[in-house]
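Novice: To start, I am sharing the structure in question, which I have written as C-alpha cells.
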Amino acid sequence: MAQLVADQLPQHEPSGGHGHAQDAEHANNPFLAHHFDTPKHQFEAGKLGIWIFLITEILFFGGLFCAYAVYRAMHPEVFVYAHYYLDTFWGALNTGVLILSSLTAAWAVRNAQLGEQKKLVFNIIATITLAFCFLGVKYVEYSHKFHEQTLPGRYFNPEHEVWELPSYQRAHARSAHHESEAQAHAVEPQAGTIGEVAAAATGTTPVAPGAVPAPGAVPAPGAAPAPAEAGEGKEAKVAPPGAPVRPRNVGVFFSIYFCMTGLHGIHVIAGIITWAWILRRTLRGEFGPSHFGAVDYAALYWHLVDLIWIYLFPLLYLIH
Amino acid sequence: MTSPSATADVLAPPAESDSDNYLTHDKGILSWLLTLDHKRIGVMYLMCVLGAFALGGLFALLVRTELLTPGKTIVEHDTYNQLFTLHGAVMVFLVIIPGIPAALGNFVLPLQLGAKDVAFPRLNLASWYLWVVGALFLVASLVTNAADTGWTFYTPYSTTTTTSVIPALFGAFILGFSSIFTGLNFITTMHKLRPPGMTWFRMPLFLWALYSTAVIQVLATPVLAITLLLLIVERFVGIGIFDPALGGDPVLFQHFFWFYSHPAVYIMIVPAFGVVSEIIASFSRKRIFGYKFIALSSVAIAILGFLVWGHHLFVSGQSVLAGTIFSGITFLIAIPTAIKVFNWIATMYKGRIHLDTPMLYALFFLWVFSIGGLTGIMLGVMSLDVHLHDTYFVVAHFHYVMMGGAVTAFFGGLHFWWPKMFGRMYDEKWGRTACGLLFVGLNLTFFPQFILGTRGMPRRYYNYLPEFQPLHQLSSMGAYLMGIAFLIVAIYLLRSLRKPMDAPANPWGANTLEWRTVSPPPYYNFHEAPEVAEGPYEYADWVYDKRERGYVRKTRGGTPHPGTSTGS
Amino acid sequence: MNTMFALLLGARLLGARLLGGELLGRLVAVAAPAGGLADPPKVPPSPSFWMPNSASNFAGATDGIFDALLWISLLCMFGLALAIVSFCRRYRATSREANEAAESQVDHSNTLEITWSIIPLFVVIGVFVVGFKQFVDLKTPPRAAYEVHATGQRWKWGFEYPEGLTHPELHVPLGKDVRVLIQSVDVIHSLYIPEFRVKQDAVPGRYTELWFKPTQVGTFPIYCAEYCGTSHSDMLSRVVVHTPEDFQAWVAEEIRKIEAMPLAELGELTFNQAGCSTCHSLDGSAKVGPTFKGVFGRQEKIFGQGTIVVDENYLRESILEPQAKLVEGFPPAMPTFKGQLSDRRILGLVEYIKTSASTGEPVPKAAAPDSAAPENKDAPPSNSPADAKGGHP
C-alpha cells in the first residue's frame with residue numbers, strides 16, 4: 001500500500017495545450033505529476049499522505065493492543081504463565097535487528113537527498129537484508145512453536161510443561177535456592193495463582209527440559225491432576241511440588257501472540273516488497289536531491305513497523 | 001452491476017466529436033479500467049454503487065414481501081435471515097458508505113476545489129478496485145451459503161453459525177480499506193491542492209462535509225478492519241477475545257464494532273449534509289445562511305461521533321456510568337445537527353426558490369431527516385431506549401436517517417450533478433414525479449414501523465404476532481411504491497444518456513467551480529485555471545441565458561467569463 | 001404532518017379490514033397455519049395509540065418522556081412543514097428566464113445561531129436528566145425483591161423460581177418487586193417485556209438483571225429482542241401476573257404436579273436441576289465425582305473401608321451423607337442434600353440412577369423429552385383470570 005501512496009509515476013503528457021502555469025517544469029521533470037505545480041508541492045502532498053496512512057496503521061494495530069489490554073486485565077495469570085514459552089533471546093535479537101534496519105533506512109533517505117547513489121544502494125540492500133534476518137528469526141521462533149505445539153486457541157497443546165522450561169527455571173532458580181531449607185517438609189502443591197506459585201518455589205535444582213522430575217516429588221493424593229487441557233494421548237506428567245497449575249485458556253495468549261506478530265510480520269514483508277521496488281528505481285537512477293520522496297515515505301513506513309515491534313517485544317516477551 | 005464496458009458504449013462519442021471531454025478523451029474499456037482520471041473513477045464508482053443499490057433494494061423487497069404475513073410467505077426462516085443480513089451489508093458497505101464520498105465526491109471534489117485531480121490518482125483507482133474485490137467477496141458469500149448474522153456480526157453468534165461468515169467479513173474488511181484510501185486521498189487533496197484564492201472558508205460546504213467524512217473514514221475504519229480480522233481468526237482458531245467459553249467477552253466485540261460503526265453513520269450522513277447545503281443555496285439563489293456554522297458543525301459532528309458508540313449498548317450489560325456518558329454526548333450531537341437544519345431553512349427565507357428535481361430532493365431530505373433526527377433523540381434517552389432498543393422503532397429511525405437522509409441526498413446530488421457528469425439533462429417532469437412517489441413511499445414504508453416498534457415488535461423477526469400484520473402490510477406497500485419510483489428514476493436517467501449532449505455549463509446557476517467548466521468537463525477539468533476571488537455562494541453574477549438554456553457569468557471588467565457553453 | 005397522521009390513523013382503523021381483510025386476505029389464509037406458533041402469546045389491546053398496555057411501575061415514566069418528546073417532535077415537524085411550505089409558496093421563483101434576485105442576501109446572524117443552539121441544548125439537557133433518573137431506577141432493583149432466574153437458550157426461555165420450580169413462563173405476583181437474573185447458555189439473547197417497558201440482554205458468560213413491579217393482572221408476551229438465529233422470532237414466552245394469593249396457589253400447584261411425576265422422570269428433573277450433572281457424567285467420563293454410567297451394582301473401592309457394591313441404600317446415603325463412604329480417588333467435594341430435597345425427590349433420584357442413568361436408556365415418558373415440557377402442558381390454576389384464556393393446544 002505504501003508504494004501507492006508514496007509515489008506518483010510520471011503521467012503521460014497528452015498533446016494539446018492546457019493551461020499549466022509550470023509547463024516548463026513539467027516538461028523538464030518526468031517525475032512531476034500533471035496536477036502538481038512543483039516537485040516540492042508533490043513531495044509535501046506525498047508526505048501528508050504517508051503520515052495519514054501511518055495514523056491508520058497505528059489505529060489498525062491499536063485494535064489489537066486494545067484487545068491485548070482487555071484480555072490481560074481480565075486474565076493476568078494467562079500472560080504470566082504463557083510468556084515463559086517465549087524466548088527472550090530471539091525477541092531481543094530481533095529488536096536489535098529492526099533498530100539497525102531503521103538506522104540504515106534513515107541513512108538511505110539522507111543518501112538520496114545528497115545524491116549519494118552508491119551509499120543509497122548499499123543502505124537499501126542492508127535494510128532489506130536486515131528485514132530478511134528479522135523474518136528468519138521469526139521463522140525459527142514460529143517453527144519452534146509449531147513443533148512444541150504452543151499454538152493459538154484450542155490448538156494449544158504444549159510438549160513441555162512450564163516448569164520444564166529453562167526460562168521458567170532461570171526465573172525461579174534464585175528463590176528456589178533461597179527457600180530450599182524451608183522445603184524440607186513436603187510442600188503442599190499450590191493450586192493457586194501464579195503469584196502464590198512464585199512464592200512457593202521448587203525444592204529441586206533446575207533440570208533440563210524433558211528430564212524426569214526429581215524423585216520424591218510425587219504429589220500427595222488429591223493433588224491436582226495434569227491440567228484438563230493437557231493433550232490427549234500424551235502422558236500426564238507429574239508436576240514437581242510448587243509447580244504452577246496451568247491456568248485456563250493459555251491458548252488465548254498464543255492467539256494474541258500470533259495475531260500481533262503475524263500482522264507485524266505481514267507488514268515487514270510489505271516493507272521488503274516496498275524496499276525492493278525502491279531499489280529497482282534507485283538502480284535506474286530515479287532518485288536525487290530533487291526527487292527522493294519515495295525513499296522518504298518508505299523509510300517512514302519502515303520506522304513505524306520498527307516502532308510497533310518495539311512495543312510488541314516488552315508486551316509479549318517481558319511480562320512479570 | 002453495470003460493467004464499465006457497457007458504460008463506455010452508452011457514453012459513445014457524441015455528434016460533436018470535436019469537443020474534447022473526459023468521456024471522449026480516451027476510448028476503449030482499458031482506458032476506463034486503467035484510468036487515473038478522478039472523473040472517470042467517480043463514474044465507475046457511480047455505476048457500481050447504483051448496481052449494488054439495485055441488489056440491496058431487491059433484498060429489501062424480498063424481506064418486505066416475506067413480512068406481508070406472519071410465518072412463511074415466500075421463504076423459510078434461514079433464507080429470511082440471510083436476506084436481511086445481505087440487505088444490511090450491501091446497503092451499508094457497498095452503497096451508502098461509498099455512495100456520496102466515493103461516487104459523487106470523486107467526481108466533484110477536484111472540480112469544486114479547482115484542482116486538476118485528487119492528490120493520489122493511482123491510489124484512487126486502487127480504492128475502486130478494492131471496492132470491486134470487496135463486493136465480489138460479499139457476493140461470494142451470497143452464492144455459497146450467505147451469512148445470517150445481521151450486518152453487525154455480533155459474537156458469539158457470528159463465531160458459531162454454520163453459514164459462510166468469513167467471505168462476508170473479508171469483503172467488509174477490504175471495503176474498509178477502499179474507504180480509508182478514499183478518505184486519505186481527499187484529506188491530502190484538500191490540504192495540498194487548493195489553488196490560490198481558495199481559502200478554507202471559501203471552500204463549498206460539500207467539501208467541508210467531505211473533509212469531515214474523510215477524517216472519520218481514516219480514523220474509524222482501521223478499527224473495524226482489525227475487529228473483523230479478529231473475528232475471522234476467532235472463527236478459524238478460537239482466539240478467545242470475544243468468546244466467553246475461553247475467558248473473553250462478547251460485549252467487547254460490540255464495543256469494537258460500534259467504535260467504528262457509529263462514526264460510520266456519520267460517514268454516511270455528513271456528506272449528505274454537504275450535498276443538501278449546495279442544493280438549497282443554489283436553488284434559493286441566495287448565499288447560504290451561517291456558512292461557518294454549517295461548516296464547523298460538520299467537524300463537530302465528526303469529532304463527537306467518535307464518543308457515542310456506547311449508546312448502542314444501553315441494554316447489553318454496560319455500566320450505568322458508561323451509559324450515562326454515552327447518552328449525554330449523544331444529546332450533544334443533536335445541537336450541531338439542529339444548527340444545520342435551522343440554517344438551511346434560514347437560507348430559503350427571502351430567497352428565490354426554484355423547485356427543480358434536486359431542490360425537491362433537498363426538501364424531501366429536510367423533512368425525513370428531521371424525523372430521523374428527532375426519533376434519534378428519543379432513542380438517546382436511556383430509559384426510553386430500554387423499551388425501544390432492537391425494536392422496529394430503531395429500524396424506522398435509521399431508515400429515516402440512512403434511506404431518507406443519505407440515499408435521498410445521494411439521489412438529490414445525482415440529479416444536481418448529472419448534467420455536469422454526462423452532459424445531458426434528464427426529463428424534469430419524470431424527475432419530480434419519481435421524487436414525489438419516493439416521498440410517499442418512504443413515509444409509508446417506515447412510519448408504520450415506528451408504531452410497530454413502540455408497540456413492542458422486535459426487529460429481525462421472521463414471524464410475528466398477528467396483531468402487527470396491518471402495519472407490516474402498509475410498510476410493504478410503501479416499499480413496493482419506492483421500488484417503482486426507483487425504477488422510474490433508472491429509466492429516465494438511462495434514457496437521457498441516449499440523447500446528444502445538451503446540458504449547458506451551468507444549468508442551475510450555481511457558483512461553485514465545477515459549474516465554470518463545460519459539461520461534461522474536459523480531461524484536465526478546466527480550460528483555464530479558475531480564479532477564486534469570492535465565496536462559493538455568490539449568485540449575483542450569474543444570469544440565465546435563454547439561448548444557452550443555462551446560466552452565464554456576467555463579464556467583469558471586459559474579461560470574457562470562462563464558463564461558456566459546449567458550443568451549441 | 002396532519003395528513004400523514006390522518007392517513008395513519010385511518011390506515012390503522014381501515015387497514016386491518018381493507019388491506020388485511022380483502023386484498024391480502026387470501027394470502028393470509030394460506031400462510032397463517034404454515035407459520036406461526038402453535039400457541040403464540042396474545043397482545044392485549046392497549047388504550048394508547050403508540051404504546052402497549054401499561055403493566056409495570058416503569059410504564060408511566062417511560063411513556064411520560066415518550067409523550068413529551070413526541071409532542072416536542074410534532075411541534076418541530078409542524079414548524080418545519082410550515083416553514084418549507086410557506087417559503088416555497090412565498091418566495092417561489094416564477095421562471096429561470098425572469099432572473100429574479102433573492103430579496104435578501106443576509107447570510108449570517110450570530111444572535112439567531114446562538115438562539116437556536118441554546119434552546120435545543122436546554123431541551124436536550126432536560127430530557128437527558130429525566131432519562132438518566134429513570135435509567136437509574138431501571139437499573140437499581142430493590143433489595144427485598146422476589147428473584148427469578150431466567151435462562152435464554154436457542155430458542156426458548158426458562159424461568160427458575162426460588163421455590164425450586166422451573167417453568168417456561170414467567171409468573172409473577174401483582175404489586176411485588178421482582179428481580180430477574182438473566183443468563184444465556186449459548187449466544188446473546190434479550191429478554192423483552194413491552195408491557196413492562198423492560199429489556200435486558202442475556203449475555204453468555206455473565207449475569208445481567210432487570211426488575212419491575214407488575215401493576216396489572218394479565219398475560220403479556222415476552223420476546224427475544226437480540227437476533228439469535230433461525231427461530232429468533234419464535235423465541236417467545238409470556239409473563240403472567242397473578243394476584244399474590246393466586247401466585248402462591250400457582251406455585252404450590254406446579255410443585256405438586258412435579259412431585260406427582262413418575263419417579264424416574266422426577267429423578268431426571270432433579271438430576272438436572274439440583275446440579276448433580278455438574279460433577280457426575282452419564283457418559284463414563286470422570287468429572288469431579290464418579291460417573292453414573294453403569295454405577296448401579298458396580299463394585300467400588302471405598303477410601304479406607306474396603307469394597308462395597310452400589311445399591312439403593314448406598315445411593316441414598318451418598319446423597320444425604322456424601323462424606324460417609326468416599327469412592328477412592330475422588331475428593332470429598334460433594335455437599336449434603338439433607339433437608340434440601342424432598343423424600344420423593346431422593347427416591348426419584350435413586351430410581352433414575354438405578355434405571356436410566358446407569359443403563360443409558362432414556363427415561364420412559366408420556367410427554368416430551370424436555371424436563372420443562374411436561375409443566376408446559378399443564379394449565380395454571382384456573383382461578384386466575386389471565387389463565388382462563390391461556391391457550392393450550
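As shown in the C-alpha cells, the chain order sets the letters A, B, ...; within each chain, residues go from 1, and ligands are also counted from 1 in the order they appear.
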Between chain B and chain A, at 9 Å or less, what are the per-residue closest atom pairs and their distances in Å? Count only C-alpha atoms, order by chain and rising residue number, and return it as CSV.
Specialist:
```
residue,atom,partner,partner_atom,distance
B:Ala115,CA,A:His35,CA,7.2
B:Lys116,CA,A:His35,CA,5.2
B:Asp117,CA,A:His35,CA,6.0
B:Val118,CA,A:His35,CA,8.1
B:Ala119,CA,A:Ala45,CA,6.8
B:Phe120,CA,A:Val5,CA,6.7
B:Pro121,CA,A:Gln8,CA,8.1
B:Arg122,CA,A:Leu4,CA,6.6
B:Leu123,CA,A:Leu4,CA,5.7
B:Ala126,CA,A:Leu4,CA,8.3
B:Ile180,CA,A:Thr56,CA,7.9
B:Phe181,CA,A:Phe53,CA,8.3
B:Leu184,CA,A:Ile52,CA,6.4
B:Asn185,CA,A:Gly49,CA,7.1
B:Ile187,CA,A:Gly49,CA,8.2
B:Thr188,CA,A:Gly49,CA,5.9
B:Thr189,CA,A:Ala45,CA,7.7
B:His191,CA,A:Ala45,CA,8.0
B:Lys192,CA,A:Ala45,CA,5.8
B:Leu193,CA,A:Phe36,CA,7.6
B:Val218,CA,A:Thr56,CA,6.0
B:Leu219,CA,A:Thr56,CA,6.2
B:Ala220,CA,A:Leu59,CA,7.9
B:Thr221,CA,A:Thr56,CA,8.1
B:Pro222,CA,A:Phe60,CA,4.6
B:Val223,CA,A:Phe60,CA,5.5
B:Leu224,CA,A:Phe60,CA,8.3
B:Ala225,CA,A:Phe60,CA,6.9
B:Ile226,CA,A:Phe60,CA,5.7
B:Thr227,CA,A:Gly63,CA,6.9
B:Leu230,CA,A:Cys259,CA,8.0
B:Val233,CA,A:Cys259,CA,8.2
B:Glu234,CA,A:Gly153,CA,8.6
B:Val237,CA,A:Gly153,CA,5.7
B:Gly238,CA,A:Gly153,CA,5.1
B:Ile239,CA,A:Ser255,CA,4.9
B:Gly240,CA,A:Val252,CA,5.7
B:Ile241,CA,A:Tyr71,CA,6.7
B:Ala245,CA,A:Asn249,CA,8.9
B:Leu246,CA,A:Asn249,CA,5.7
B:Gly247,CA,A:Asn249,CA,6.9
B:Gly248,CA,A:Tyr71,CA,6.9
B:Asp249,CA,A:Tyr71,CA,8.7
B:Leu252,CA,A:Ala67,CA,8.5
B:Phe256,CA,A:Gly63,CA,7.8
B:Tyr524,CA,A:His18,CA,7.6
B:Phe526,CA,A:Gly19,CA,8.1
B:His527,CA,A:Gly19,CA,6.4
B:Glu528,CA,A:Gly19,CA,5.4
B:Ala529,CA,A:Gly19,CA,6.6
```
Novice: If we count only C-alpha atoms, what is near segment 281-290 of chain C at a cut-off of 10 Å, once residues fewer than 6 positions away on the same chain are taken out, given as a PyMOL selection string?
Specialist: chain C and resi 300+326-334+353+356-360
Novice: Separation of atom CA of His397 of chain B and atom CA of Ser316 of chain B, in Å?
Specialist: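 According to the coordinates, atom CA of His397 of chain B and atom CA of Ser316 of chain B are separated by 19.8 Å.
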Novice: Could you list, with a cut-off of 6 Å and counting only C-alpha atoms, the residues of chain C near chain B, each shown with its nearest atom pair and the distance in Å rounded to one decimal, rows sorted by chain and ascending number, as a Markdown table?
Specialist:
```
| residue | atom | partner | partner_atom | distance |
| --- | --- | --- | --- | --- |
| C:Gly15 | CA | B:Pro470 | CA | 5.6 |
| C:Ala16 | CA | B:Pro470 | CA | 5.1 |
| C:Gly20 | CA | B:Pro470 | CA | 6.0 |
| C:Val28 | CA | B:Thr69 | CA | 6.0 |
| C:Gly35 | CA | B:Gly71 | CA | 3.4 |
| C:Gly36 | CA | B:Gly71 | CA | 4.9 |
| C:Trp50 | CA | B:Ile451 | CA | 5.8 |
| C:Met51 | CA | B:Arg455 | CA | 5.0 |
| C:Pro52 | CA | B:Arg455 | CA | 4.9 |
| C:Thr62 | CA | B:Leu384 | CA | 5.6 |
| C:Tyr91 | CA | B:Arg352 | CA | 5.3 |
| C:Arg92 | CA | B:Ile353 | CA | 4.5 |
| C:Ala93 | CA | B:Arg352 | CA | 5.1 |
| C:Glu97 | CA | B:Tyr544 | CA | 5.9 |
| C:Ala102 | CA | B:Gly351 | CA | 4.4 |
| C:Glu103 | CA | B:Lys350 | CA | 5.2 |
| C:Ser104 | CA | B:Lys350 | CA | 5.8 |
| C:Gln105 | CA | B:Lys286 | CA | 5.8 |
| C:Asp107 | CA | B:Phe289 | CA | 4.3 |
| C:His108 | CA | B:Gly290 | CA | 4.8 |
| C:Gly131 | CA | B:Val381 | CA | 5.0 |
| C:Gln134 | CA | B:Ser383 | CA | 5.6 |
| C:Phe135 | CA | B:Ser383 | CA | 4.7 |
| C:Val187 | CA | B:Pro156 | CA | 5.4 |
| C:Pro194 | CA | B:Gly456 | CA | 5.1 |
| C:Arg197 | CA | B:His387 | CA | 4.8 |
| C:Val198 | CA | B:His387 | CA | 5.7 |
| C:Lys199 | CA | B:Val386 | CA | 5.7 |
| C:Gln200 | CA | B:Val315 | CA | 5.1 |
| C:Asp201 | CA | B:Ser316 | CA | 5.0 |
| C:Gly205 | CA | B:Pro244 | CA | 5.1 |
| C:Ala225 | CA | B:Pro458 | CA | 5.4 |
| C:Thr230 | CA | B:Asp78 | CA | 5.4 |
| C:Ser233 | CA | B:Tyr461 | CA | 4.7 |
```
Novice: Rounded to one decimal, what separation in Å do you get between atom CA of Pro142 of chain C and atom CA of Ala61 of chain C?
Specialist: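 Taking atom CA of Pro142 of chain C as the start and atom CA of Ala61 of chain C as the end point, the length is 17.5 Å.
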Novice: List the neighbours of Asp87 of chain A out to 9 Å using only C-alpha atoms; skip same-chain residues closer than 3 positions along the sequence, and give me the result as a PyMOL selection string.
Specialist: chain A and resi 83-84+90-92+141+167+317
Novice: Can you write just those residues out, N, CA and C atoms, as a PDB file, in the first residue's frame?
Specialist:
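Saved result, selection35.pdb, follows:
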```pdb
ATOM      1  N   HIS A  83       4.156 -16.522  29.033  1.00  0.00           N
ATOM      2  CA  HIS A  83       5.312 -15.826  28.467  1.00  0.00           C
ATOM      3  C   HIS A  83       6.586 -16.642  28.640  1.00  0.00           C
ATOM      4  N   TYR A  84       6.583 -17.622  29.565  1.00  0.00           N
ATOM      5  CA  TYR A  84       7.769 -18.469  29.707  1.00  0.00           C
ATOM      6  C   TYR A  84       8.028 -19.262  28.443  1.00  0.00           C
ATOM      7  N   TRP A  90      15.631 -14.520  21.380  1.00  0.00           N
ATOM      8  CA  TRP A  90      15.272 -14.274  19.982  1.00  0.00           C
ATOM      9  C   TRP A  90      14.535 -12.947  19.835  1.00  0.00           C
ATOM     10  N   GLY A  91      13.664 -12.671  20.802  1.00  0.00           N
ATOM     11  CA  GLY A  91      12.926 -11.402  20.757  1.00  0.00           C
ATOM     12  C   GLY A  91      13.867 -10.216  20.807  1.00  0.00           C
ATOM     13  N   ALA A  92      14.851 -10.288  21.714  1.00  0.00           N
ATOM     14  CA  ALA A  92      15.798  -9.179  21.854  1.00  0.00           C
ATOM     15  C   ALA A  92      16.653  -9.050  20.601  1.00  0.00           C
ATOM     16  N   GLU A 141      11.478 -18.941  15.510  1.00  0.00           N
ATOM     17  CA  GLU A 141      10.553 -18.905  16.639  1.00  0.00           C
ATOM     18  C   GLU A 141       9.251 -19.626  16.319  1.00  0.00           C
ATOM     19  N   SER A 167      13.474 -21.032  30.722  1.00  0.00           N
ATOM     20  CA  SER A 167      13.124 -19.659  31.078  1.00  0.00           C
ATOM     21  C   SER A 167      12.434 -19.622  32.438  1.00  0.00           C
ATOM     22  N   TYR A 317       7.094 -10.497  25.450  1.00  0.00           N
ATOM     23  CA  TYR A 317       8.199 -11.309  25.949  1.00  0.00           C
ATOM     24  C   TYR A 317       8.560 -11.005  27.397  1.00  0.00           C
TER      25      TYR A 317
END
```
Novice: Rank nothing, just name the residue among B:Gly436, B:Gly99, B:Gly134, B:Pro522 nearest to Ala485 of chain B, using only C-alpha atoms.
Specialist: B:Gly436
